[in-house]
>>> print(open('run16.cif').read())   # mmCIF, C-alpha atoms
data_model
loop_
_atom_site.group_PDB
_atom_site.id
_atom_site.type_symbol
_atom_site.label_atom_id
_atom_site.label_comp_id
_atom_site.auth_asym_id
_atom_site.auth_seq_id
_atom_site.Cartn_x
_atom_site.Cartn_y
_atom_site.Cartn_z
ATOM 1 C CA MET M 1 16.280 56.792 44.534
ATOM 2 C CA ILE M 2 16.294 60.187 46.281
ATOM 3 C CA LYS M 3 16.383 59.729 50.070
ATOM 4 C CA ILE M 4 14.484 62.386 52.030
ATOM 5 C CA VAL M 5 14.207 63.485 55.670
ATOM 6 C CA ILE M 6 11.240 65.712 56.600
ATOM 7 C CA ALA M 7 11.290 68.053 59.625
ATOM 8 C CA GLU M 8 7.924 69.575 60.553
ATOM 9 C CA ASP M 9 6.412 70.101 64.012
ATOM 10 C CA GLN M 10 2.780 69.879 62.846
ATOM 11 C CA GLY M 11 2.001 66.168 62.903
ATOM 12 C CA MET M 12 -0.776 66.281 60.303
ATOM 13 C CA LEU M 13 1.376 68.151 57.780
ATOM 14 C CA LEU M 14 4.344 65.895 58.504
ATOM 15 C CA GLY M 15 2.202 62.833 57.733
ATOM 16 C CA ALA M 16 0.745 64.430 54.607
ATOM 17 C CA LEU M 17 4.190 65.312 53.239
ATOM 18 C CA ASP M 18 5.374 61.769 53.921
ATOM 19 C CA SER M 19 2.388 60.267 52.110
ATOM 20 C CA LEU M 20 2.509 62.621 49.121
ATOM 21 C CA LEU M 21 6.260 62.402 48.561
ATOM 22 C CA SER M 22 6.261 58.611 49.012
ATOM 23 C CA MET M 23 3.892 58.377 46.046
ATOM 24 C CA GLU M 24 6.709 59.559 43.775
ATOM 25 C CA ASP M 25 8.552 56.565 42.279
ATOM 26 C CA ASP M 26 12.001 58.110 42.728
ATOM 27 C CA PHE M 27 11.534 59.373 46.322
ATOM 28 C CA LYS M 28 12.011 57.497 49.599
ATOM 29 C CA VAL M 29 11.274 59.175 52.955
ATOM 30 C CA VAL M 30 13.880 57.715 55.352
ATOM 31 C CA GLY M 31 13.131 59.814 58.421
ATOM 32 C CA MET M 32 10.656 62.254 59.969
ATOM 33 C CA ALA M 33 11.501 64.809 62.669
ATOM 34 C CA GLU M 34 9.366 67.136 64.786
ATOM 35 C CA ASN M 35 12.150 69.613 65.581
ATOM 36 C CA GLY M 36 15.493 70.795 64.244
ATOM 37 C CA GLU M 37 17.543 68.767 66.701
ATOM 38 C CA GLU M 38 15.880 65.536 65.568
ATOM 39 C CA ALA M 39 16.382 66.579 61.940
ATOM 40 C CA VAL M 40 20.141 67.023 62.395
ATOM 41 C CA SER M 41 20.369 63.601 64.096
ATOM 42 C CA LEU M 42 18.377 61.911 61.327
ATOM 43 C CA VAL M 43 20.518 63.492 58.613
ATOM 44 C CA LYS M 44 23.678 62.256 60.317
ATOM 45 C CA GLU M 45 22.149 58.810 60.852
ATOM 46 C CA HIS M 46 20.568 58.189 57.441
ATOM 47 C CA ALA M 47 22.723 60.390 55.139
ATOM 48 C CA PRO M 48 19.730 61.485 53.002
ATOM 49 C CA ASP M 49 20.044 63.421 49.765
ATOM 50 C CA ILE M 50 17.448 66.016 50.815
ATOM 51 C CA CYS M 51 16.192 67.409 54.117
ATOM 52 C CA ILE M 52 12.913 69.360 53.942
ATOM 53 C CA MET M 53 12.868 71.727 56.915
ATOM 54 C CA ASP M 54 10.226 73.937 58.495
ATOM 55 C CA ILE M 55 11.528 77.084 60.250
ATOM 56 C CA GLU M 56 9.372 77.517 63.360
ATOM 57 C CA MET M 57 10.000 74.322 65.330
ATOM 58 C CA PRO M 58 10.638 73.664 69.043
ATOM 59 C CA ILE M 59 14.045 72.909 70.645
ATOM 60 C CA LYS M 60 15.953 73.974 67.520
ATOM 61 C CA ASN M 61 14.398 75.898 64.637
ATOM 62 C CA GLY M 62 14.953 75.078 60.997
ATOM 63 C CA LEU M 63 17.435 77.868 60.325
ATOM 64 C CA ASP M 64 19.607 76.863 63.293
ATOM 65 C CA ALA M 65 19.503 73.264 62.061
ATOM 66 C CA ALA M 66 20.363 74.331 58.507
ATOM 67 C CA GLU M 67 23.351 76.294 59.806
ATOM 68 C CA GLU M 68 24.507 73.228 61.734
ATOM 69 C CA LEU M 69 24.226 71.116 58.580
ATOM 70 C CA LYS M 70 26.175 73.576 56.412
ATOM 71 C CA GLY M 71 28.871 71.601 54.650
ATOM 72 C CA ASN M 72 26.947 68.325 54.971
ATOM 73 C CA PRO M 73 26.314 66.615 51.595
ATOM 74 C CA CYS M 74 22.580 66.633 52.385
ATOM 75 C CA LYS M 75 20.816 69.452 50.530
ATOM 76 C CA VAL M 76 18.412 71.457 52.702
ATOM 77 C CA ILE M 77 15.082 72.807 51.467
ATOM 78 C CA ILE M 78 13.224 75.259 53.693
ATOM 79 C CA LEU M 79 9.441 74.815 53.457
ATOM 80 C CA THR M 80 7.691 77.496 55.494
ATOM 81 C CA THR M 81 4.761 79.877 55.762
ATOM 82 C CA PHE M 82 7.130 82.779 56.465
ATOM 83 C CA ALA M 83 8.052 84.924 53.457
ATOM 84 C CA ARG M 84 10.446 87.091 55.450
ATOM 85 C CA ALA M 85 13.498 88.719 53.948
ATOM 86 C CA GLY M 86 15.562 88.147 57.094
ATOM 87 C CA TYR M 87 14.779 84.437 57.193
ATOM 88 C CA PHE M 88 15.506 84.106 53.473
ATOM 89 C CA GLU M 89 18.855 85.871 53.754
ATOM 90 C CA ARG M 90 19.885 83.765 56.740
ATOM 91 C CA ALA M 91 18.870 80.587 54.894
ATOM 92 C CA ARG M 92 20.989 81.564 51.900
ATOM 93 C CA LYS M 93 23.992 82.174 54.144
ATOM 94 C CA ALA M 94 23.467 78.712 55.627
ATOM 95 C CA GLY M 95 23.774 77.195 52.152
ATOM 96 C CA VAL M 96 20.110 76.195 51.837
ATOM 97 C CA ARG M 97 19.447 74.977 48.297
ATOM 98 C CA GLY M 98 15.723 75.665 48.193
ATOM 99 C CA TYR M 99 13.245 77.953 49.948
ATOM 100 C CA LEU M 100 9.583 77.342 49.211
ATOM 101 C CA LEU M 101 6.301 78.423 50.772
ATOM 102 C CA LYS M 102 3.844 75.917 52.218
ATOM 103 C CA ASP M 103 1.040 77.061 49.947
ATOM 104 C CA SER M 104 3.019 75.754 46.952
ATOM 105 C CA PRO M 105 1.498 72.714 45.179
ATOM 106 C CA ILE M 106 3.114 69.352 46.030
ATOM 107 C CA GLU M 107 4.071 69.045 42.348
ATOM 108 C CA GLU M 108 6.181 72.176 42.739
ATOM 109 C CA LEU M 109 7.974 70.705 45.747
ATOM 110 C CA ALA M 110 8.634 67.445 43.910
ATOM 111 C CA SER M 111 9.966 69.340 40.899
ATOM 112 C CA ALA M 112 12.163 71.486 43.168
ATOM 113 C CA ILE M 113 13.639 68.372 44.802
ATOM 114 C CA ARG M 114 14.632 66.953 41.428
ATOM 115 C CA SER M 115 16.061 70.285 40.241
ATOM 116 C CA ILE M 116 18.093 70.664 43.442
ATOM 117 C CA MET M 117 19.473 67.151 42.946
ATOM 118 C CA ASP M 118 20.693 68.486 39.578
ATOM 119 C CA ASN M 119 22.648 71.155 41.519
ATOM 120 C CA ARG M 120 20.192 73.992 40.933
ATOM 121 C CA ARG M 121 18.878 76.364 43.575
ATOM 122 C CA ILE M 122 15.125 76.902 43.804
ATOM 123 C CA TYR M 123 13.689 79.939 45.597
ATOM 124 C CA ALA M 124 10.033 80.990 45.699
ATOM 125 C CA PRO M 125 9.564 84.045 43.428
ATOM 126 C CA GLU M 126 7.862 85.942 46.287
ATOM 127 C CA LEU M 127 11.054 85.701 48.342
ATOM 128 C CA VAL M 128 13.249 87.037 45.575
ATOM 129 C CA ASP M 129 10.839 89.974 45.182
ATOM 130 C CA ILE M 130 10.964 90.652 48.919
ATOM 131 C CA MET M 131 14.748 90.517 48.943
ATOM 132 C CA TYR M 132 15.040 93.201 46.280
ATOM 133 C CA SER M 133 12.202 95.380 47.551
ATOM 134 C CA GLU M 134 13.360 95.348 51.174
ATOM 135 C CA ASP M 135 17.109 95.803 50.804
ATOM 136 C CA ASP M 136 17.066 98.251 53.713
ATOM 137 C CA LEU M 137 16.051 95.387 56.020
ATOM 138 C CA PHE M 138 19.442 93.766 55.493
ATOM 139 C CA GLU M 139 21.307 96.744 56.933
ATOM 140 C CA ASN M 140 21.910 96.716 60.653
ATOM 141 C CA PRO M 141 20.673 100.118 61.922
ATOM 142 C CA LEU M 142 22.654 99.854 65.166
ATOM 143 C CA THR M 143 26.077 101.358 65.789
ATOM 144 C CA LYS M 144 28.976 99.065 66.677
ATOM 145 C CA ARG M 145 28.607 99.896 70.379
ATOM 146 C CA GLU M 146 24.828 99.355 70.319
ATOM 147 C CA SER M 147 25.398 96.001 68.647
ATOM 148 C CA GLU M 148 27.918 95.083 71.334
ATOM 149 C CA VAL M 149 25.420 95.980 74.064
ATOM 150 C CA LEU M 150 22.653 93.866 72.492
ATOM 151 C CA THR M 151 25.028 90.945 71.922
ATOM 152 C CA LEU M 152 25.959 90.885 75.614
ATOM 153 C CA VAL M 153 22.298 91.188 76.636
ATOM 154 C CA ALA M 154 21.509 88.245 74.335
ATOM 155 C CA GLU M 155 24.165 86.237 76.186
ATOM 156 C CA GLY M 156 22.131 86.720 79.348
ATOM 157 C CA LYS M 157 24.239 89.411 80.987
ATOM 158 C CA SER M 158 22.608 91.894 83.358
ATOM 159 C CA THR M 159 22.791 95.666 82.905
ATOM 160 C CA LYS M 160 25.597 95.812 85.488
ATOM 161 C CA GLU M 161 27.532 93.013 83.769
ATOM 162 C CA VAL M 162 27.175 94.677 80.366
ATOM 163 C CA ALA M 163 28.345 97.960 81.870
ATOM 164 C CA ALA M 164 31.401 96.308 83.429
ATOM 165 C CA ALA M 165 32.298 94.457 80.210
ATOM 166 C CA LEU M 166 32.143 97.630 78.103
ATOM 167 C CA PHE M 167 33.491 100.045 80.746
ATOM 168 C CA LEU M 168 30.226 101.995 80.806
ATOM 169 C CA SER M 169 27.899 103.086 83.582
ATOM 170 C CA PRO M 170 24.645 101.111 84.079
ATOM 171 C CA GLY M 171 22.726 104.291 83.193
ATOM 172 C CA THR M 172 24.546 104.534 79.864
ATOM 173 C CA VAL M 173 23.728 100.894 79.116
ATOM 174 C CA ARG M 174 20.040 101.576 79.828
ATOM 175 C CA ASN M 175 20.188 104.566 77.464
ATOM 176 C CA TYR M 176 21.722 102.357 74.778
ATOM 177 C CA MET M 177 18.934 99.811 75.246
ATOM 178 C CA SER M 178 16.305 102.528 74.834
ATOM 179 C CA LEU M 179 17.957 103.625 71.578
ATOM 180 C CA ILE M 180 18.183 100.009 70.392
ATOM 181 C CA LEU M 181 14.474 99.390 70.982
ATOM 182 C CA GLU M 182 13.605 102.624 69.184
ATOM 183 C CA LYS M 183 15.830 101.912 66.172
ATOM 184 C CA LEU M 184 14.601 98.318 65.805
ATOM 185 C CA GLN M 185 10.984 99.406 66.389
ATOM 186 C CA VAL M 186 10.372 96.748 69.026
ATOM 187 C CA SER M 187 8.939 97.000 72.543
ATOM 188 C CA ASN M 188 11.325 94.898 74.628
ATOM 189 C CA ARG M 189 14.700 93.168 74.792
ATOM 190 C CA ILE M 190 13.339 89.759 73.801
ATOM 191 C CA GLU M 191 11.878 91.151 70.565
ATOM 192 C CA ALA M 192 15.111 93.045 69.872
ATOM 193 C CA ILE M 193 17.226 89.907 70.292
ATOM 194 C CA SER M 194 14.813 87.848 68.181
ATOM 195 C CA LEU M 195 14.823 90.404 65.350
ATOM 196 C CA PHE M 196 18.608 90.778 65.469
ATOM 197 C CA LYS M 197 19.003 87.012 65.258
ATOM 198 C CA GLU M 198 16.424 86.724 62.459
ATOM 199 C CA LYS M 199 18.341 89.248 60.362
ATOM 200 C CA GLY M 200 21.616 87.411 60.933
ATOM 201 C CA TRP M 201 23.274 90.485 62.473
ATOM 202 C CA PHE M 202 24.902 88.702 65.409
ATOM 203 C CA LYS M 203 28.582 88.149 64.630
#
>>> encode(input="run16.cif", output="structure tokens")
Amino acid sequence: MIKIVIAEDQGMLLGALDSLLSMEDDFKVVGMAENGEEAVSLVKEHAPDICIMDIEMPIKNGLDAAEELKGNPCKVIILTTFARAGYFERARKAGVRGYLLKDSPIEELASAIRSIMDNRRIYAPELVDIMYSEDDLFENPLTKRESEVLTLVAEGKSTKEVAAALFLSPGTVRNYMSLILEKLQVSNRIEAISLFKEKGWFK
């Protein structure tokens, strides 16, 4: 019997996945979570074979949870609507064994679960195509100093605090932030930090 934990913040989809997977003779859903933090707790509590994880969830997203579970015997499958190269690359680095899109048939998910239990990795073909067609998205366009500035900003430091930490003037830090926003093609610091995190560029 393959024990499964499902993490999905949309209640209707969570219930549907539970019902559909429970119809399989060799599957048993042992826990359901509505966020990544609950998912990690359930995995540690029930020691399932598989954890099916959405990405966009409150409190802790699926990729953060997958990174926390890296090294755990439980095999993580990302099931998401987001076919983004950055998410896919980060999931791979976290040791995720499967990455499927929510518009996949339930039969495909069930087949993927069984294949992953046989130590295979299952990735949606669209994601593999994206990875090879958008290689440039995996390269951090920021210089080392620009990356340092954004890292400190992401830690919640003010312009003055960033300047003091890097022995720069506040004006220079503001100039760096302008360059960072331009290079990342975003409109504010929050978007810059989110994109940088999505791509896995924070060290």
>>> resolve_selection(input="run16.cif", expression="the PyMOL selection byres ((chain M and resi 9-16) around 12)", output="PyMOL selection string")
chain M and resi 5-8+17-23+29+31-39+52-62+79-80+102-103+106
>>> atom_distance(input="run16.cif", atom1="atom CA of M:Ala112", atom2="atom CA of M:Trp201")
29.3 Å
>>> atom_distance(input="run16.cif", atom1="atom CA of M:Ser41", atom2="atom CA of M:Ile78")
17.2 Å
>>> resolve_selection(input="run16.cif", expression="the PyMOL selection byres ((chain M and resi 96) around 7)", output="mmCIF file with C-alpha atoms, in the coordinates of the input")
data_model
loop_
_atom_site.group_PDB
_atom_site.id
_atom_site.type_symbol
_atom_site.label_atom_id
_atom_site.label_comp_id
_atom_site.auth_asym_id
_atom_site.auth_seq_id
_atom_site.Cartn_x
_atom_site.Cartn_y
_atom_site.Cartn_z
ATOM 1 C CA ALA M 66 20.363 74.331 58.507
ATOM 2 C CA LYS M 75 20.816 69.452 50.530
ATOM 3 C CA VAL M 76 18.412 71.457 52.702
ATOM 4 C CA ILE M 77 15.082 72.807 51.467
ATOM 5 C CA ALA M 91 18.870 80.587 54.894
ATOM 6 C CA ARG M 92 20.989 81.564 51.900
ATOM 7 C CA ALA M 94 23.467 78.712 55.627
ATOM 8 C CA GLY M 95 23.774 77.195 52.152
ATOM 9 C CA ARG M 97 19.447 74.977 48.297
ATOM 10 C CA GLY M 98 15.723 75.665 48.193
#
>>> residues_around(input="run16.cif", residues="M:Ile2", least_positions_apart="3", cutoff="9 Å", atoms="only C-alpha atoms", output="VMD selection string")
chain M and resid 26 to 29 48 to 50 113 to 114 117
>>> resolve_selection(input="run16.cif", expression="the PyMOL selection byres ((chain M and resi 181-187) around 12)", output="JSON, numbers by chain")
{"M": [137, 139, 140, 141, 142, 143, 146, 147, 149, 150, 174, 175, 176, 177, 178, 179, 180, 188, 189, 190, 191, 192, 193, 194, 195, 196, 199]}
>>> atom_distance(input="run16.cif", atom1="atom CA of M:Glu67", atom2="atom CA of M:Glu161")
29.5 Å
>>> closest_residue(input="run16.cif", among="M:Ala47, M:Met1, M:Ala85, M:Val162", to="M:Asp25", atoms="all atoms listed in the file")
M:Met1
>>> closest_residue(input="run16.cif", among="M:Val153, M:Leu127, M:Cys51, M:Val40", to="M:Glu68", atoms="only C-alpha atoms")
M:Val40
>>> closest_residue(input="run16.cif", among="M:Leu168, M:Tyr99, M:Leu109, M:Leu152", to="M:Arg121", atoms="all atoms listed in the file")
M:Tyr99
>>> closest_residue(input="run16.cif", among="M:Ala163, M:Pro125, M:Ser104, M:Leu63", to="M:Thr81", atoms="only C-alpha atoms")
M:Ser104
>>> closest_residue(input="run16.cif", among="M:Lys160, M:Glu126, M:Arg90, M:Ala165", to="M:Phe202", atoms="only C-alpha atoms")
M:Arg90
>>> closest_residue(input="run16.cif", among="M:Ile4, M:Ala83, M:Ser115, M:Ile122", to="M:Leu101", atoms="only C-alpha atoms")
M:Ala83
